[in-house]
Amino acid sequence: AVHSDGSSVVIDHAYVERRVVPLDLFIRTADRRSAAAAVLDYGAAIKDLARSNIFPGDMLTKNFGVTRHGRVVFYDYDELTDLAGRRFRKLPEPQSVEDEMAAEPWFGVAENDIYPEEFGAFLGLPGPLRAAFERHHLDLLDAGFWESIRRRIVDGDIIEIVPYGDHCRVRN
């Protein structure tokens with residue numbers, strides 16, 4: 001909101017964003033090494049959000065951007081929810097061929113239920129980049145990973161998030 005305070009204009013709240021290249025476009029045009037690095041940072045960005053009690057909701061690559069420094073950031077704020085309020089579940093095994101072929105879920109799904117195994121179908125990463133993502137971030141497709149983070153948050157644990165790699169850290 002913006003209002004006038006005498007002779008000043010006051011901005012109560014503002015979002016400031018860096019210019020980024022949408023990740024889906026970046027990986028189509030970047031060299032193989034840069035694209036792979038961005039995909040790995042994409043997984044790390046999702047994990048950082050999770051450790052901050054933020055569930056991004058829509059993890060499509062088009063909702064992430066690559067900064068001029070090659071870092072990946074999330075910018076689709078309308079889908080954000082608290083991670084602690086979600087319930088991460090493993091997809092149940094189908095009991096019949098009809099279950100397996102059904103267009104709609106044949107099992108109960110509550111409003112806050114999330115099935116991370118389904119994320120892989122929506123990543124939109126081409127072969128080698130998907131393989132690189134899965135080598136480093138396969139845990140993002142596992143309900144156990146998400147549930148362990150959720151449990152730590154609910155228990156009051158504050159999870160450290162380091163914004164740079166171990167190779168940049170100062171050691172005592």
# chains A, B, ... in the order shown; residues from 1 in each chain; ligands from 1
$ closest_atom_pairs --of "segment 23-118 of chain A" --to "segment 132-143 of chain A" --cutoff "12 Å" --atoms "only C-alpha atoms" --output "CSV"
residue,atom,partner,partner_atom,distance
A:Arg32,CA,A:Ala132,CA,11.2
A:Arg33,CA,A:Ala132,CA,11.0
A:Ala35,CA,A:Ala132,CA,10.2
A:Ala36,CA,A:Ala132,CA,6.9
A:Ala37,CA,A:Ala132,CA,9.2
A:Ala38,CA,A:Phe133,CA,9.7
A:Val39,CA,A:Phe133,CA,6.2
A:Leu40,CA,A:Phe133,CA,5.9
A:Asp41,CA,A:Phe133,CA,9.2
A:Tyr42,CA,A:Phe133,CA,8.6
A:Gly43,CA,A:His137,CA,6.0
A:Ala44,CA,A:His137,CA,7.9
A:Ala45,CA,A:His137,CA,10.8
A:Ile46,CA,A:Leu140,CA,8.3
A:Lys47,CA,A:Leu140,CA,7.8
A:Asp48,CA,A:Leu140,CA,11.6
A:Leu49,CA,A:Leu140,CA,11.9
A:Ala50,CA,A:Leu140,CA,10.0
A:Phe55,CA,A:Leu140,CA,11.9
A:Met59,CA,A:Leu140,CA,10.9
A:Arg86,CA,A:Ala143,CA,11.2
A:Arg87,CA,A:Ala143,CA,9.0
A:Phe88,CA,A:Ala143,CA,5.3
A:Arg89,CA,A:Ala143,CA,5.4
A:Lys90,CA,A:Ala143,CA,5.6
A:Leu91,CA,A:Ala143,CA,8.9
A:Pro92,CA,A:Ala143,CA,11.8
A:Asp113,CA,A:Ala143,CA,10.6
A:Ile114,CA,A:Ala143,CA,8.3
A:Tyr115,CA,A:Ala143,CA,6.7
A:Pro116,CA,A:Leu141,CA,4.7
A:Glu117,CA,A:Leu141,CA,4.7
A:Glu118,CA,A:Leu141,CA,7.3
$ select_by_dssp --residues "chain A" --states "alpha helix (DSSP H)" --output "PyMOL selection string"
chain A and resi 23-29+32-51+97-101+127-137+143-154
$ residues_around --residues "segment 14-31 of chain A" --least-positions-apart "6" --cutoff "12 Å" --atoms "only C-alpha atoms" --output "PyMOL selection string"
chain A and resi 1-2+37-43+59-77+122-130
$ write_last_selection --atoms "N, CA, C and O atoms" --output "tab-separated table (two decimals), in the first residue's frame"
chain	number	residue	atom	x	y	z
A	1	ALA	N	0.84	-1.18	0.00
A	1	ALA	CA	0.00	0.00	0.00
A	1	ALA	C	0.88	1.24	0.00
A	1	ALA	O	1.97	1.25	0.56
A	2	VAL	N	0.38	2.27	-0.62
A	2	VAL	CA	1.08	3.54	-0.70
A	2	VAL	C	0.16	4.62	-0.15
A	2	VAL	O	-1.03	4.62	-0.40
A	37	ALA	N	24.16	-26.84	-14.15
A	37	ALA	CA	24.36	-26.11	-12.89
A	37	ALA	C	23.05	-25.46	-12.44
A	37	ALA	O	22.71	-25.49	-11.25
A	38	ALA	N	22.29	-24.91	-13.37
A	38	ALA	CA	21.01	-24.28	-13.03
A	38	ALA	C	20.02	-25.30	-12.53
A	38	ALA	O	19.28	-25.05	-11.56
A	39	VAL	N	20.00	-26.46	-13.13
A	39	VAL	CA	19.07	-27.52	-12.70
A	39	VAL	C	19.41	-27.99	-11.29
A	39	VAL	O	18.52	-28.23	-10.47
A	40	LEU	N	20.69	-28.09	-10.98
A	40	LEU	CA	21.09	-28.48	-9.62
A	40	LEU	C	20.71	-27.40	-8.62
A	40	LEU	O	20.26	-27.69	-7.51
A	41	ASP	N	20.88	-26.13	-9.01
A	41	ASP	CA	20.49	-25.04	-8.12
A	41	ASP	C	18.98	-24.95	-7.97
A	41	ASP	O	18.48	-24.55	-6.92
A	42	TYR	N	18.25	-25.34	-8.99
A	42	TYR	CA	16.79	-25.43	-8.93
A	42	TYR	C	16.36	-26.37	-7.81
A	42	TYR	O	15.53	-26.03	-6.97
A	43	GLY	N	16.96	-27.55	-7.76
A	43	GLY	CA	16.66	-28.50	-6.68
A	43	GLY	C	17.04	-27.93	-5.32
A	43	GLY	O	16.30	-28.06	-4.34
A	59	MET	N	5.91	-26.28	-8.80
A	59	MET	CA	7.37	-26.32	-8.96
A	59	MET	C	7.82	-26.42	-10.40
A	59	MET	O	8.93	-26.84	-10.67
A	60	LEU	N	6.97	-26.02	-11.33
A	60	LEU	CA	7.36	-26.03	-12.73
A	60	LEU	C	8.56	-25.11	-12.95
A	60	LEU	O	8.69	-24.07	-12.30
A	61	THR	N	9.42	-25.48	-13.89
A	61	THR	CA	10.62	-24.69	-14.13
A	61	THR	C	10.28	-23.27	-14.59
A	61	THR	O	11.07	-22.35	-14.37
A	62	LYS	N	9.12	-23.06	-15.18
A	62	LYS	CA	8.74	-21.71	-15.62
A	62	LYS	C	8.52	-20.76	-14.44
A	62	LYS	O	8.49	-19.55	-14.63
A	63	ASN	N	8.37	-21.29	-13.24
A	63	ASN	CA	8.15	-20.47	-12.06
A	63	ASN	C	9.43	-20.15	-11.30
A	63	ASN	O	9.39	-19.56	-10.23
A	64	PHE	N	10.55	-20.55	-11.86
A	64	PHE	CA	11.86	-20.27	-11.29
A	64	PHE	C	12.65	-19.48	-12.33
A	64	PHE	O	12.42	-19.63	-13.54
A	65	GLY	N	13.56	-18.65	-11.87
A	65	GLY	CA	14.37	-17.88	-12.79
A	65	GLY	C	15.83	-17.98	-12.45
A	65	GLY	O	16.20	-18.28	-11.31
A	66	VAL	N	16.68	-17.71	-13.44
A	66	VAL	CA	18.13	-17.75	-13.27
A	66	VAL	C	18.63	-16.30	-13.27
A	66	VAL	O	18.36	-15.55	-14.21
A	67	THR	N	19.34	-15.94	-12.21
A	67	THR	CA	19.89	-14.58	-12.09
A	67	THR	C	21.13	-14.44	-12.97
A	67	THR	O	21.66	-15.43	-13.48
A	68	ARG	N	21.62	-13.23	-13.09
A	68	ARG	CA	22.83	-13.00	-13.89
A	68	ARG	C	24.04	-13.70	-13.31
A	68	ARG	O	25.05	-13.89	-13.98
A	69	HIS	N	23.96	-14.09	-12.03
A	69	HIS	CA	25.06	-14.82	-11.38
A	69	HIS	C	24.87	-16.33	-11.44
A	69	HIS	O	25.63	-17.08	-10.83
A	70	GLY	N	23.82	-16.76	-12.13
A	70	GLY	CA	23.58	-18.19	-12.30
A	70	GLY	C	22.83	-18.85	-11.16
A	70	GLY	O	22.72	-20.06	-11.11
A	71	ARG	N	22.31	-18.07	-10.22
A	71	ARG	CA	21.53	-18.62	-9.11
A	71	ARG	C	20.07	-18.75	-9.52
A	71	ARG	O	19.56	-17.93	-10.27
A	72	VAL	N	19.42	-19.76	-8.99
A	72	VAL	CA	18.01	-20.00	-9.31
A	72	VAL	C	17.14	-19.52	-8.16
A	72	VAL	O	17.42	-19.83	-7.00
A	73	VAL	N	16.12	-18.74	-8.50
A	73	VAL	CA	15.19	-18.19	-7.50
A	73	VAL	C	13.75	-18.52	-7.92
A	73	VAL	O	13.45	-18.67	-9.10
A	74	PHE	N	12.88	-18.60	-6.94
A	74	PHE	CA	11.46	-18.85	-7.17
A	74	PHE	C	10.74	-17.53	-7.24
A	74	PHE	O	11.01	-16.63	-6.45
A	75	TYR	N	9.81	-17.37	-8.20
A	75	TYR	CA	9.11	-16.10	-8.27
A	75	TYR	C	7.61	-16.21	-8.50
A	75	TYR	O	6.95	-15.23	-8.83
A	76	ASP	N	7.02	-17.36	-8.26
A	76	ASP	CA	5.57	-17.53	-8.44
A	76	ASP	C	4.91	-17.52	-7.06
A	76	ASP	O	4.59	-18.57	-6.51
A	77	TYR	N	4.73	-16.34	-6.50
A	77	TYR	CA	4.31	-16.21	-5.11
A	77	TYR	C	2.87	-16.62	-4.85
A	77	TYR	O	2.52	-16.88	-3.71
A	122	PHE	N	6.08	-33.50	-13.83
A	122	PHE	CA	5.89	-32.10	-14.18
A	122	PHE	C	7.18	-31.29	-14.24
A	122	PHE	O	7.13	-30.08	-14.46
A	123	LEU	N	8.31	-31.94	-14.05
A	123	LEU	CA	9.57	-31.20	-14.06
A	123	LEU	C	9.88	-30.59	-15.42
A	123	LEU	O	10.43	-29.50	-15.50
A	124	GLY	N	9.56	-31.30	-16.48
A	124	GLY	CA	9.81	-30.77	-17.82
A	124	GLY	C	11.28	-30.66	-18.17
A	124	GLY	O	11.66	-29.80	-18.95
A	125	LEU	N	12.09	-31.51	-17.58
A	125	LEU	CA	13.53	-31.48	-17.86
A	125	LEU	C	13.87	-32.52	-18.92
A	125	LEU	O	13.48	-33.68	-18.80
A	126	PRO	N	14.65	-32.13	-19.94
A	126	PRO	CA	15.06	-33.11	-20.95
A	126	PRO	C	16.03	-34.13	-20.36
A	126	PRO	O	16.69	-33.86	-19.35
A	127	GLY	N	16.13	-35.30	-20.99
A	127	GLY	CA	16.90	-36.45	-20.54
A	127	GLY	C	18.12	-36.22	-19.67
A	127	GLY	O	18.10	-36.55	-18.48
A	128	PRO	N	19.21	-35.66	-20.20
A	128	PRO	CA	20.44	-35.52	-19.39
A	128	PRO	C	20.25	-34.59	-18.19
A	128	PRO	O	20.81	-34.83	-17.13
A	129	LEU	N	19.44	-33.55	-18.34
A	129	LEU	CA	19.22	-32.63	-17.22
A	129	LEU	C	18.35	-33.29	-16.16
A	129	LEU	O	18.57	-33.10	-14.96
A	130	ARG	N	17.38	-34.07	-16.59
A	130	ARG	CA	16.56	-34.79	-15.62
A	130	ARG	C	17.42	-35.80	-14.86
A	130	ARG	O	17.29	-35.96	-13.64
